[in-house]
file entry21.txt (compact mmCIF, C-alpha atoms and all ligand atoms)
# COMPACT_ATOMS: atom_id res chain seq x y z
CA MET F 1 -5.97 0.70 25.37
CA MET F 2 -2.30 1.02 24.71
CA GLY F 3 -0.45 3.69 26.71
CA ARG F 4 0.68 6.47 24.48
CA ALA F 5 -0.74 5.40 21.12
CA ALA F 6 -4.28 4.73 22.22
CA ASP F 7 -4.34 7.89 24.28
CA ARG F 8 -3.57 9.81 21.12
CA LEU F 9 -5.83 7.96 18.69
CA PRO F 10 -9.36 9.36 18.51
CA THR F 11 -11.48 7.55 21.06
CA PRO F 12 -14.52 5.75 19.65
CA PRO F 13 -17.55 7.79 20.75
CA THR F 14 -19.07 5.14 23.02
CA GLY F 15 -15.97 3.11 23.87
CA PRO F 16 -14.50 2.49 27.32
CA THR F 17 -11.36 4.42 28.23
CA ARG F 18 -9.58 1.21 29.15
CA PRO F 19 -10.43 -2.43 28.47
CA GLY F 20 -11.93 -3.90 31.59
CA GLU F 21 -13.33 -0.59 32.78
CA THR F 22 -16.87 -1.86 32.39
CA GLY F 23 -18.07 -5.27 33.53
CA MET F 24 -19.61 -8.03 31.44
CA THR F 25 -22.70 -8.46 33.59
CA SER F 26 -25.27 -6.96 31.24
CA GLU F 27 -25.83 -6.66 27.53
CA GLY F 28 -24.91 -2.97 27.67
CA SER F 29 -21.53 -3.51 29.28
CA THR F 30 -20.75 -6.35 26.89
CA MET F 31 -21.29 -3.89 24.05
CA SER F 32 -18.83 -1.51 25.71
CA GLN F 33 -16.19 -4.22 25.62
CA LEU F 34 -16.90 -4.76 21.94
CA ASP F 35 -16.30 -1.05 21.39
CA MET F 36 -12.59 -1.81 21.75
CA PHE F 37 -12.86 -3.12 18.21
CA SER F 38 -14.64 -0.04 16.89
CA LEU F 39 -12.91 2.02 14.20
CA GLU F 40 -15.38 4.93 14.44
CA GLY F 41 -13.53 8.17 13.77
CA ARG F 42 -10.54 6.37 12.23
CA VAL F 43 -9.28 6.62 8.66
CA ALA F 44 -7.67 3.64 6.93
CA LEU F 45 -5.59 3.35 3.76
CA VAL F 46 -5.62 0.03 1.87
CA PRO F 47 -3.06 -0.25 -0.93
CA GLY F 48 -4.12 -3.26 -3.01
CA GLY F 49 -7.64 -2.58 -1.82
CA GLY F 50 -9.05 -3.76 -5.14
CA GLY F 51 -7.74 -7.29 -4.59
CA ALA F 52 -9.46 -10.25 -2.97
CA ILE F 53 -8.07 -9.79 0.54
CA GLY F 54 -7.71 -5.99 0.33
CA SER F 55 -11.31 -5.39 -0.70
CA ALA F 56 -12.66 -7.77 1.95
CA MET F 57 -10.59 -6.07 4.67
CA ALA F 58 -11.52 -2.59 3.43
CA ALA F 59 -15.17 -3.61 3.78
CA ALA F 60 -14.52 -5.15 7.22
CA MET F 61 -12.85 -1.98 8.51
CA ALA F 62 -15.67 0.11 7.02
CA GLY F 63 -18.17 -2.11 8.80
CA ALA F 64 -16.33 -1.33 12.04
CA GLY F 65 -16.72 2.41 11.33
CA ALA F 66 -13.54 3.46 9.50
CA LYS F 67 -13.46 5.69 6.47
CA VAL F 68 -11.32 3.92 3.92
CA THR F 69 -9.14 4.94 0.98
CA VAL F 70 -8.78 2.00 -1.40
CA VAL F 71 -5.91 2.09 -3.84
CA ASP F 72 -5.22 -0.18 -6.76
CA VAL F 73 -3.43 -0.07 -10.09
CA THR F 74 -6.63 0.57 -11.99
CA GLN F 75 -9.37 3.00 -11.07
CA GLU F 76 -11.92 0.32 -11.93
CA ARG F 77 -10.65 -2.07 -9.23
CA ALA F 78 -10.45 0.73 -6.68
CA ASP F 79 -13.98 1.91 -7.53
CA ALA F 80 -15.40 -1.60 -7.07
CA ALA F 81 -13.82 -1.86 -3.62
CA ALA F 82 -15.03 1.61 -2.65
CA GLU F 83 -18.54 0.42 -3.43
CA LEU F 84 -18.06 -2.38 -0.88
CA VAL F 85 -16.97 0.25 1.65
CA SER F 86 -20.17 2.23 0.98
CA ALA F 87 -22.25 -0.94 1.19
CA ALA F 88 -20.68 -1.58 4.61
CA GLY F 89 -22.05 1.79 5.74
CA SER F 90 -19.00 4.02 5.58
CA GLU F 91 -17.30 6.46 3.25
CA GLY F 92 -14.71 5.36 0.70
CA LEU F 93 -12.21 7.11 -1.52
CA ALA F 94 -11.06 5.19 -4.61
CA LEU F 95 -7.65 6.01 -6.07
CA SER F 96 -5.52 4.45 -8.78
CA ALA F 97 -1.79 4.41 -8.06
CA ASP F 98 1.31 2.27 -8.33
CA VAL F 99 2.58 1.98 -4.76
CA THR F 100 6.01 0.79 -5.87
CA GLN F 101 6.60 4.47 -6.73
CA GLU F 102 7.47 6.82 -3.88
CA ALA F 103 5.72 9.88 -5.35
CA GLU F 104 2.53 7.85 -5.86
CA CYS F 105 2.57 6.84 -2.20
CA ASP F 106 2.95 10.45 -1.11
CA ARG F 107 0.06 11.36 -3.41
CA ILE F 108 -2.39 8.78 -1.99
CA VAL F 109 -1.57 9.78 1.58
CA ALA F 110 -2.06 13.46 0.73
CA ALA F 111 -5.35 12.71 -1.03
CA THR F 112 -6.56 10.72 1.97
CA VAL F 113 -5.75 13.54 4.37
CA GLU F 114 -7.32 16.09 2.05
CA ARG F 115 -10.54 14.05 1.90
CA PHE F 116 -10.82 12.69 5.44
CA GLY F 117 -8.56 15.01 7.44
CA ARG F 118 -6.28 12.33 8.89
CA LEU F 119 -4.76 8.87 8.49
CA ASP F 120 -4.75 6.35 11.35
CA ILE F 121 -4.38 2.88 9.80
CA ILE F 122 -2.59 1.34 6.83
CA PHE F 123 -3.43 -2.21 5.80
CA ASN F 124 -0.92 -3.33 3.17
CA ALA F 125 -2.67 -5.70 0.76
CA VAL F 126 -0.43 -5.49 -2.31
CA GLY F 127 1.56 -8.64 -2.93
CA GLY F 128 1.49 -12.27 -3.89
CA GLY F 129 2.47 -13.51 -7.32
CA ALA F 130 4.11 -16.69 -6.04
CA GLY F 131 2.10 -19.10 -8.17
CA LYS F 132 3.09 -17.26 -11.37
CA VAL F 133 6.83 -17.70 -10.94
CA LEU F 134 7.58 -21.17 -9.64
CA PHE F 135 11.18 -22.20 -10.37
CA ASP F 136 13.69 -24.59 -8.89
CA ALA F 137 15.72 -22.83 -6.22
CA GLN F 138 19.07 -23.41 -7.97
CA ASP F 139 17.80 -21.76 -11.16
CA TYR F 140 15.50 -19.09 -9.72
CA PRO F 141 15.62 -16.31 -12.38
CA ARG F 142 16.68 -12.88 -11.29
CA ASP F 143 13.88 -11.01 -13.11
CA SER F 144 11.21 -13.10 -11.36
CA TRP F 145 13.01 -12.63 -8.05
CA ASP F 146 13.07 -8.84 -8.54
CA TRP F 147 9.39 -8.78 -9.54
CA ILE F 148 8.27 -10.68 -6.44
CA MET F 149 10.41 -8.46 -4.20
CA GLU F 150 9.02 -5.31 -5.79
CA LEU F 151 5.41 -6.50 -5.65
CA ASN F 152 5.60 -7.62 -2.02
CA VAL F 153 8.37 -5.74 -0.26
CA ARG F 154 8.83 -2.45 -2.10
CA SER F 155 5.07 -1.85 -2.20
CA THR F 156 4.74 -2.41 1.54
CA LEU F 157 7.87 -0.40 2.30
CA LEU F 158 6.99 2.73 0.32
CA ALA F 159 3.28 2.85 1.19
CA THR F 160 4.09 2.38 4.88
CA GLN F 161 6.86 4.98 4.92
CA ALA F 162 4.56 7.62 3.40
CA SER F 163 1.73 6.70 5.79
CA VAL F 164 3.90 6.66 8.89
CA ARG F 165 5.44 10.04 8.06
CA GLN F 166 1.86 11.36 8.13
CA MET F 167 1.03 9.53 11.39
CA ILE F 168 4.15 10.89 13.07
CA ALA F 169 3.28 14.42 11.90
CA GLN F 170 -0.24 14.05 13.27
CA GLY F 171 1.22 13.03 16.64
CA HIS F 172 -1.50 10.67 17.84
CA GLY F 173 -0.14 7.24 16.98
CA GLY F 174 -1.39 4.80 14.40
CA ARG F 175 -1.67 1.24 13.21
CA VAL F 176 0.30 -0.58 10.51
CA VAL F 177 -1.02 -4.01 9.53
CA ASN F 178 0.98 -6.08 7.04
CA ILE F 179 0.34 -9.36 5.26
CA SER F 180 3.07 -11.92 5.68
CA SER F 181 2.40 -15.63 5.08
CA VAL F 182 3.04 -18.98 6.69
CA ARG F 183 5.68 -19.15 3.92
CA ALA F 184 7.79 -16.69 5.91
CA SER F 185 8.52 -19.53 8.30
CA LEU F 186 7.74 -22.72 6.35
CA GLY F 187 9.50 -23.94 3.22
CA ILE F 188 7.47 -25.69 0.53
CA ASN F 189 8.75 -28.02 -2.17
CA ALA F 190 7.14 -26.03 -4.98
CA GLY F 191 9.52 -23.37 -6.34
CA TYR F 192 8.70 -20.57 -3.88
CA SER F 193 12.21 -19.13 -3.27
CA ALA F 194 11.43 -15.48 -3.99
CA TYR F 195 8.05 -15.49 -2.23
CA VAL F 196 9.38 -17.02 1.01
CA ALA F 197 12.21 -14.46 0.98
CA ALA F 198 9.74 -11.60 0.40
CA LYS F 199 7.39 -12.69 3.17
CA GLY F 200 10.36 -13.28 5.48
CA ALA F 201 11.30 -9.66 4.81
CA ILE F 202 7.76 -8.50 5.60
CA SER F 203 7.83 -10.34 8.93
CA SER F 204 11.26 -8.91 9.79
CA LEU F 205 10.20 -5.38 8.83
CA THR F 206 7.08 -5.79 10.97
CA ARG F 207 9.27 -6.43 14.03
CA GLN F 208 11.79 -3.73 13.09
CA TRP F 209 9.17 -1.04 12.48
CA ALA F 210 7.33 -1.99 15.69
CA THR F 211 10.55 -1.38 17.58
CA GLU F 212 11.35 1.93 15.88
CA TRP F 213 7.88 3.44 15.79
CA ALA F 214 6.68 2.51 19.28
CA LYS F 215 7.99 5.87 20.47
CA HIS F 216 5.46 7.51 18.15
CA GLY F 217 2.62 5.37 19.49
CA ILE F 218 2.41 3.43 16.22
CA THR F 219 1.89 -0.32 16.45
CA VAL F 220 2.99 -2.65 13.64
CA ASN F 221 1.69 -6.19 13.29
CA ALA F 222 1.12 -8.72 10.53
CA ILE F 223 -1.19 -11.56 9.70
CA ALA F 224 0.40 -14.70 8.27
CA PRO F 225 -2.26 -16.71 6.46
CA THR F 226 -1.97 -20.12 4.89
CA PHE F 227 -3.72 -20.50 1.52
CA VAL F 228 -6.75 -18.23 1.31
CA ASP F 229 -9.29 -19.17 -1.33
CA THR F 230 -8.79 -16.24 -3.73
CA PRO F 231 -8.24 -15.86 -7.49
CA GLN F 232 -4.46 -15.54 -6.93
CA VAL F 233 -4.20 -19.13 -5.71
CA ALA F 234 -7.14 -20.58 -7.65
CA MET F 235 -4.83 -22.26 -10.16
CA LEU F 236 -2.97 -24.08 -7.36
CA LEU F 237 -6.08 -24.99 -5.38
CA ASP F 238 -7.88 -26.20 -8.52
CA ASP F 239 -5.41 -29.09 -8.56
CA PRO F 240 -7.20 -31.61 -6.30
CA GLN F 241 -3.95 -33.39 -5.37
CA PHE F 242 -2.22 -30.16 -4.38
CA LYS F 243 -5.23 -28.96 -2.42
CA ALA F 244 -5.58 -32.30 -0.63
CA SER F 245 -1.91 -32.23 0.35
CA ILE F 246 -2.32 -28.71 1.78
CA VAL F 247 -5.59 -29.43 3.59
CA SER F 248 -4.28 -32.69 5.08
CA ARG F 249 -1.65 -30.67 6.98
CA ILE F 250 -4.09 -28.08 8.34
CA PRO F 251 -5.59 -29.25 11.67
CA LEU F 252 -8.85 -27.36 11.06
CA GLY F 253 -9.16 -29.27 7.79
CA ARG F 254 -9.66 -26.52 5.22
CA VAL F 255 -7.94 -23.58 3.54
CA GLY F 256 -8.89 -20.07 4.64
CA GLY F 257 -11.48 -17.67 3.28
CA THR F 258 -11.14 -13.89 3.29
CA HIS F 259 -13.73 -13.81 6.11
CA ASP F 260 -11.21 -15.67 8.31
CA LEU F 261 -8.88 -12.66 8.15
CA ALA F 262 -11.37 -9.99 9.24
CA GLY F 263 -11.22 -10.69 12.99
CA PRO F 264 -7.42 -10.64 13.20
CA VAL F 265 -7.21 -7.50 11.04
CA LEU F 266 -9.84 -5.63 13.08
CA PHE F 267 -7.98 -6.67 16.23
CA PHE F 268 -4.69 -5.22 14.96
CA ALA F 269 -6.37 -2.08 13.55
CA SER F 270 -8.29 -1.23 16.71
CA ASP F 271 -7.76 -0.39 20.37
CA ALA F 272 -8.27 -4.08 21.22
CA SER F 273 -4.60 -4.67 20.33
CA ALA F 274 -3.30 -1.53 22.06
CA PHE F 275 -0.45 -3.34 23.88
CA VAL F 276 0.40 -5.69 20.99
CA THR F 277 3.13 -4.75 18.53
CA GLY F 278 5.73 -6.53 16.41
CA GLN F 279 3.63 -9.70 16.23
CA ILE F 280 3.08 -12.03 13.30
CA LEU F 281 -0.23 -13.81 13.81
CA GLY F 282 -0.66 -17.13 12.02
CA VAL F 283 -4.13 -17.31 10.47
CA ASP F 284 -3.63 -20.83 9.28
CA GLY F 285 -6.07 -23.29 10.80
CA GLY F 286 -3.27 -24.55 13.06
CA LEU F 287 -0.78 -25.36 10.28
CA THR F 288 2.26 -23.78 11.94
CA ALA F 289 1.32 -25.34 15.28
CA THR F 290 2.07 -28.74 13.77
CA GLN F 291 5.61 -27.89 12.64
N1 LIG F 301 -4.42 -15.56 -1.34
C1 LIG F 301 -3.66 -16.27 -0.51
O1 LIG F 301 -3.75 -17.50 -0.42
C2 LIG F 301 -2.68 -15.57 0.37
C3 LIG F 301 -2.09 -16.28 1.42
C4 LIG F 301 -1.15 -15.63 2.23
C5 LIG F 301 -0.83 -14.32 1.96
N2 LIG F 301 -1.41 -13.67 0.92
C6 LIG F 301 -1.02 -12.31 0.66
O2 LIG F 301 -2.14 -11.46 0.70
C7 LIG F 301 -1.91 -10.32 -0.14
C8 LIG F 301 -3.11 -10.10 -1.04
O3 LIG F 301 -3.39 -11.28 -1.74
P1 LIG F 301 -4.67 -11.44 -2.67
O4 LIG F 301 -4.92 -12.87 -2.82
O5 LIG F 301 -5.75 -10.53 -2.18
O6 LIG F 301 -4.09 -10.87 -4.04
P2 LIG F 301 -4.82 -9.97 -5.19
O7 LIG F 301 -3.97 -10.09 -6.41
O8 LIG F 301 -6.25 -10.33 -5.29
O9 LIG F 301 -4.71 -8.50 -4.59
C9 LIG F 301 -3.57 -7.70 -4.73
C10 LIG F 301 -4.01 -6.37 -5.32
O10 LIG F 301 -2.89 -5.50 -5.35
C11 LIG F 301 -2.96 -4.76 -6.56
N3 LIG F 301 -1.62 -4.29 -6.89
C12 LIG F 301 -0.59 -5.00 -7.40
N4 LIG F 301 0.47 -4.21 -7.58
C13 LIG F 301 0.11 -2.97 -7.16
C14 LIG F 301 0.79 -1.74 -7.11
N5 LIG F 301 2.07 -1.63 -7.50
N6 LIG F 301 0.12 -0.66 -6.64
C15 LIG F 301 -1.18 -0.76 -6.25
N7 LIG F 301 -1.87 -1.91 -6.26
C16 LIG F 301 -1.22 -3.01 -6.73
C17 LIG F 301 -3.51 -5.73 -7.58
O11 LIG F 301 -4.05 -5.07 -8.71
C18 LIG F 301 -4.54 -6.49 -6.76
O12 LIG F 301 -5.83 -5.89 -6.86
C19 LIG F 301 -0.58 -10.61 -0.86
O13 LIG F 301 0.46 -9.98 -0.14
C20 LIG F 301 -0.43 -12.11 -0.73
O14 LIG F 301 0.91 -12.52 -0.77
C21 LIG F 301 -2.33 -14.27 0.11
call {"tool": "encode", "arguments": {"input": "entry21.txt", "output": "structure tokens", "more": "lines below"}}
Ligand SMILES: NC(=O)c1ccc[n+]([C@@H]2O[C@H](COP(=O)([O-])OP(=O)(O)OC[C@H]3O[C@@H](n4cnc5c(N)ncnc54)[C@H](O)[C@@H]3O)[C@@H](O)[C@H]2O)c1
result
Amino acid sequence: MMGRAADRLPTPPTGPTRPGETGMTSEGSTMSQLDMFSLEGRVALVPGGGGAIGSAMAAAMAGAGAKVTVVDVTQERADAAAELVSAAGSEGLALSADVTQEAECDRIVAATVERFGRLDIIFNAVGGGAGKVLFDAQDYPRDSWDWIMELNVRSTLLATQASVRQMIAQGHGGRVVNISSVRASLGINAGYSAYVAAKGAISSLTRQWATEWAKHGITVNAIAPTFVDTPQVAMLLDDPQFKASIVSRIPLGRVGGTHDLAGPVLFFASDASAFVTGQILGVDGGLTATQ
């Protein structure tokens, strides 16, 4: 477990106090090691929880024991994701909100605390949009630029600020998990100017927040996926030539699925990553390793 933060987060009921405290010599002790990944007793907030990645990660965290508030622009999307949380064996709260609005972010945090009594984890899943606004860099239109920045950066900024104010007030640490992208570090000859800038900002904020909020026992990390097979990128991946060009550069020979993100997200959300903060983890089949 991490020093201050993990000491202050609620300890999973059957978990070890420190990783390595129990051996790996029997089935029972192996289970104790796995308890590092347990989210029993934790409460997570997932803005964008009605989306492809958000809903899958809400369900994954629920499966690990967390109670989860899922937030999306429509109540319908949030309700559908909350059903996945219930199906995973936990309790969900479905809220509609626009997390590019500060007051809305305060409202969803307050509603989470009212319902579940605390907030320990935020997984920021609002974002994307790149495939809808592809323009040559020299002509990239300002309105599309602003939209991508608002969708990706402002949403993450405001939802995280509201959540972290609550975590600091609670005084027992917390976890912030962001979604960056391989595009934060790799250019692509396909009109992605605003998106690469937005994801670069998410990666930079991840490191900045990790530095500032360590004193509160709050860790901040991000996953940086390559293409994940979701409706947002379906139009791009439906083009066989484009998909082949992407896959040919990925050593593991395929694009990702939402299931590929669950392990990394549970790692960052749980005590297993107690001494890890400010990190951007490529979840990319080895793509960035080749650059
Ligand atoms: N799909 C990929 O290939 C891929 C790859 C790398 C990174 N990512 C990133 O993962 C994240 C999620 O992607 P996805 O494919 O699940 O997208 P998605 O569109 O399925 O999910 C995003 C969700 O956010 C919601 N949302 C949008 N604006 C909102 C707002 N203001 N307030 C509340 N909710 C709002 C949408 O309604 C949607 O349900 C994005 O940041 C994206 O950039 C995706």
call {"tool": "residues_near_ligand", "arguments": {"input": "entry21.txt", "ligand": "ligand LIG 301 (chain F)", "cutoff": "6 Å", "atoms": "only C-alpha atoms and all ligand atoms", "output": "VMD selection string"}}
result
chain F and resid 47 to 48 50 to 54 72 to 73 97 to 100 125 to 128 151 to 152 179 to 181 225 to 230 232 to 233
call {"tool": "residues_near_point", "arguments": {"input": "entry21.txt", "point": "(2.7, -26.2, -4.1)", "cutoff": "7 Å", "atoms": "only C-alpha atoms", "output": "PDB file with C-alpha atoms, keeping the file's coordinate frame"}}
result
ATOM      1  CA  ILE F 188       7.470 -25.690   0.530  1.00  0.00           C
ATOM      2  CA  ASN F 189       8.750 -28.020  -2.170  1.00  0.00           C
ATOM      3  CA  ALA F 190       7.140 -26.030  -4.980  1.00  0.00           C
ATOM      4  CA  LEU F 236      -2.970 -24.080  -7.360  1.00  0.00           C
ATOM      5  CA  PHE F 242      -2.220 -30.160  -4.380  1.00  0.00           C
TER       6      PHE F 242
END
call {"tool": "closest_residue", "arguments": {"input": "entry21.txt", "among": "F:Ala64, F:Val220, F:Ile148, F:Val276", "to": "Lys199 in chain F", "atoms": "all atoms listed in the file"}}
result
F:Ile148
call {"tool": "atom_distance", "arguments": {"input": "entry21.txt", "atom1": "CA of Thr156 in chain F", "atom2": "CA of Ile202 in chain F"}}
result
7.9 Å
call {"tool": "atom_distance", "arguments": {"input": "entry21.txt", "atom1": "CA of Ser245 in chain F", "atom2": "CA of Thr258 in chain F"}}
result
20.7 Å
call {"tool": "atom_distance", "arguments": {"input": "entry21.txt", "atom1": "CA of Gly65 in chain F", "atom2": "CA of Ala210 in chain F"}}
result
24.8 Å
call {"tool": "closest_residue", "arguments": {"input": "entry21.txt", "among": "F:Glu150, F:Glu102, F:Glu83, F:Asp284", "to": "Val247 in chain F", "atoms": "all atoms listed in the file"}}
result
F:Asp284
call {"tool": "residues_near_point", "arguments": {"input": "entry21.txt", "point": "(8.6, -4.1, 9.0)", "cutoff": "12 Å", "atoms": "only C-alpha atoms", "output": "ChimeraX atom specification"}}
result
/F:124,152-161,164,176-180,198-213,219-222,277-280
call {"tool": "closest_residue", "arguments": {"input": "entry21.txt", "among": "F:Trp147, F:Ile246, F:Val133, F:Ile168", "to": "Tyr192 in chain F", "atoms": "only C-alpha atoms"}}
result
F:Val133
call {"tool": "closest_residue", "arguments": {"input": "entry21.txt", "among": "F:Ile122, F:Ala274, F:Ala60, F:Ala110", "to": "Asp260 in chain F", "atoms": "all atoms listed in the file"}}
result
F:Ala60
call {"tool": "axis_aligned_box", "arguments": {"input": "entry21.txt", "around": "range 94-102 of chain F", "padding_each_side": "3 Å", "output": "AutoDock Vina command-line options"}}
result
--center_x -1.8 --center_y 3.8 --center_z -6.3 --size_x 24.5 --size_y 12.0 --size_z 10.9
call {"tool": "build_atoms", "arguments": {"input": "entry21.txt", "residues": "range 105-120 of chain F", "atoms": "N, CA, C and O atoms", "output": "compact mmCIF listing (two decimals), in the coordinates of the input"}}
result
# COMPACT_ATOMS: atom_id res chain seq x y z
N CYS F 105 2.94 7.09 -3.60
CA CYS F 105 2.57 6.84 -2.20
C CYS F 105 2.32 8.16 -1.47
O CYS F 105 1.35 8.29 -0.71
N ASP F 106 3.17 9.13 -1.72
CA ASP F 106 2.95 10.45 -1.11
C ASP F 106 1.62 11.03 -1.58
O ASP F 106 0.88 11.63 -0.80
N ARG F 107 1.31 10.81 -2.86
CA ARG F 107 0.06 11.36 -3.41
C ARG F 107 -1.18 10.73 -2.78
O ARG F 107 -2.13 11.44 -2.44
N ILE F 108 -1.17 9.42 -2.55
CA ILE F 108 -2.39 8.78 -1.99
C ILE F 108 -2.57 9.15 -0.52
O ILE F 108 -3.70 9.27 -0.05
N VAL F 109 -1.46 9.35 0.17
CA VAL F 109 -1.57 9.78 1.58
C VAL F 109 -2.12 11.21 1.62
O VAL F 109 -3.04 11.51 2.39
N ALA F 110 -1.58 12.07 0.76
CA ALA F 110 -2.06 13.46 0.73
C ALA F 110 -3.54 13.52 0.36
O ALA F 110 -4.31 14.29 0.95
N ALA F 111 -3.94 12.71 -0.61
CA ALA F 111 -5.35 12.71 -1.03
C ALA F 111 -6.26 12.21 0.09
O ALA F 111 -7.39 12.71 0.27
N THR F 112 -5.78 11.25 0.84
CA THR F 112 -6.56 10.72 1.97
C THR F 112 -6.76 11.80 3.03
O THR F 112 -7.87 12.01 3.54
N VAL F 113 -5.68 12.50 3.34
CA VAL F 113 -5.75 13.54 4.37
C VAL F 113 -6.62 14.70 3.88
O VAL F 113 -7.41 15.27 4.64
N GLU F 114 -6.49 15.01 2.59
CA GLU F 114 -7.32 16.09 2.05
C GLU F 114 -8.81 15.74 2.16
O GLU F 114 -9.63 16.57 2.52
N ARG F 115 -9.14 14.47 1.89
CA ARG F 115 -10.54 14.05 1.90
C ARG F 115 -11.09 13.82 3.31
O ARG F 115 -12.19 14.25 3.66
N PHE F 116 -10.30 13.12 4.14
CA PHE F 116 -10.82 12.69 5.44
C PHE F 116 -10.18 13.40 6.64
O PHE F 116 -10.59 13.17 7.78
N GLY F 117 -9.14 14.21 6.36
CA GLY F 117 -8.56 15.01 7.44
C GLY F 117 -7.48 14.34 8.26
O GLY F 117 -6.82 14.99 9.08
N ARG F 118 -7.27 13.03 8.08
CA ARG F 118 -6.28 12.33 8.89
C ARG F 118 -6.01 10.95 8.30
O ARG F 118 -6.72 10.51 7.38
N LEU F 119 -5.01 10.27 8.86
CA LEU F 119 -4.76 8.87 8.49
C LEU F 119 -4.31 8.14 9.75
O LEU F 119 -3.34 8.54 10.40
N ASP F 120 -5.03 7.09 10.11
CA ASP F 120 -4.75 6.35 11.35
C ASP F 120 -4.24 4.93 11.13
O ASP F 120 -3.55 4.39 11.99
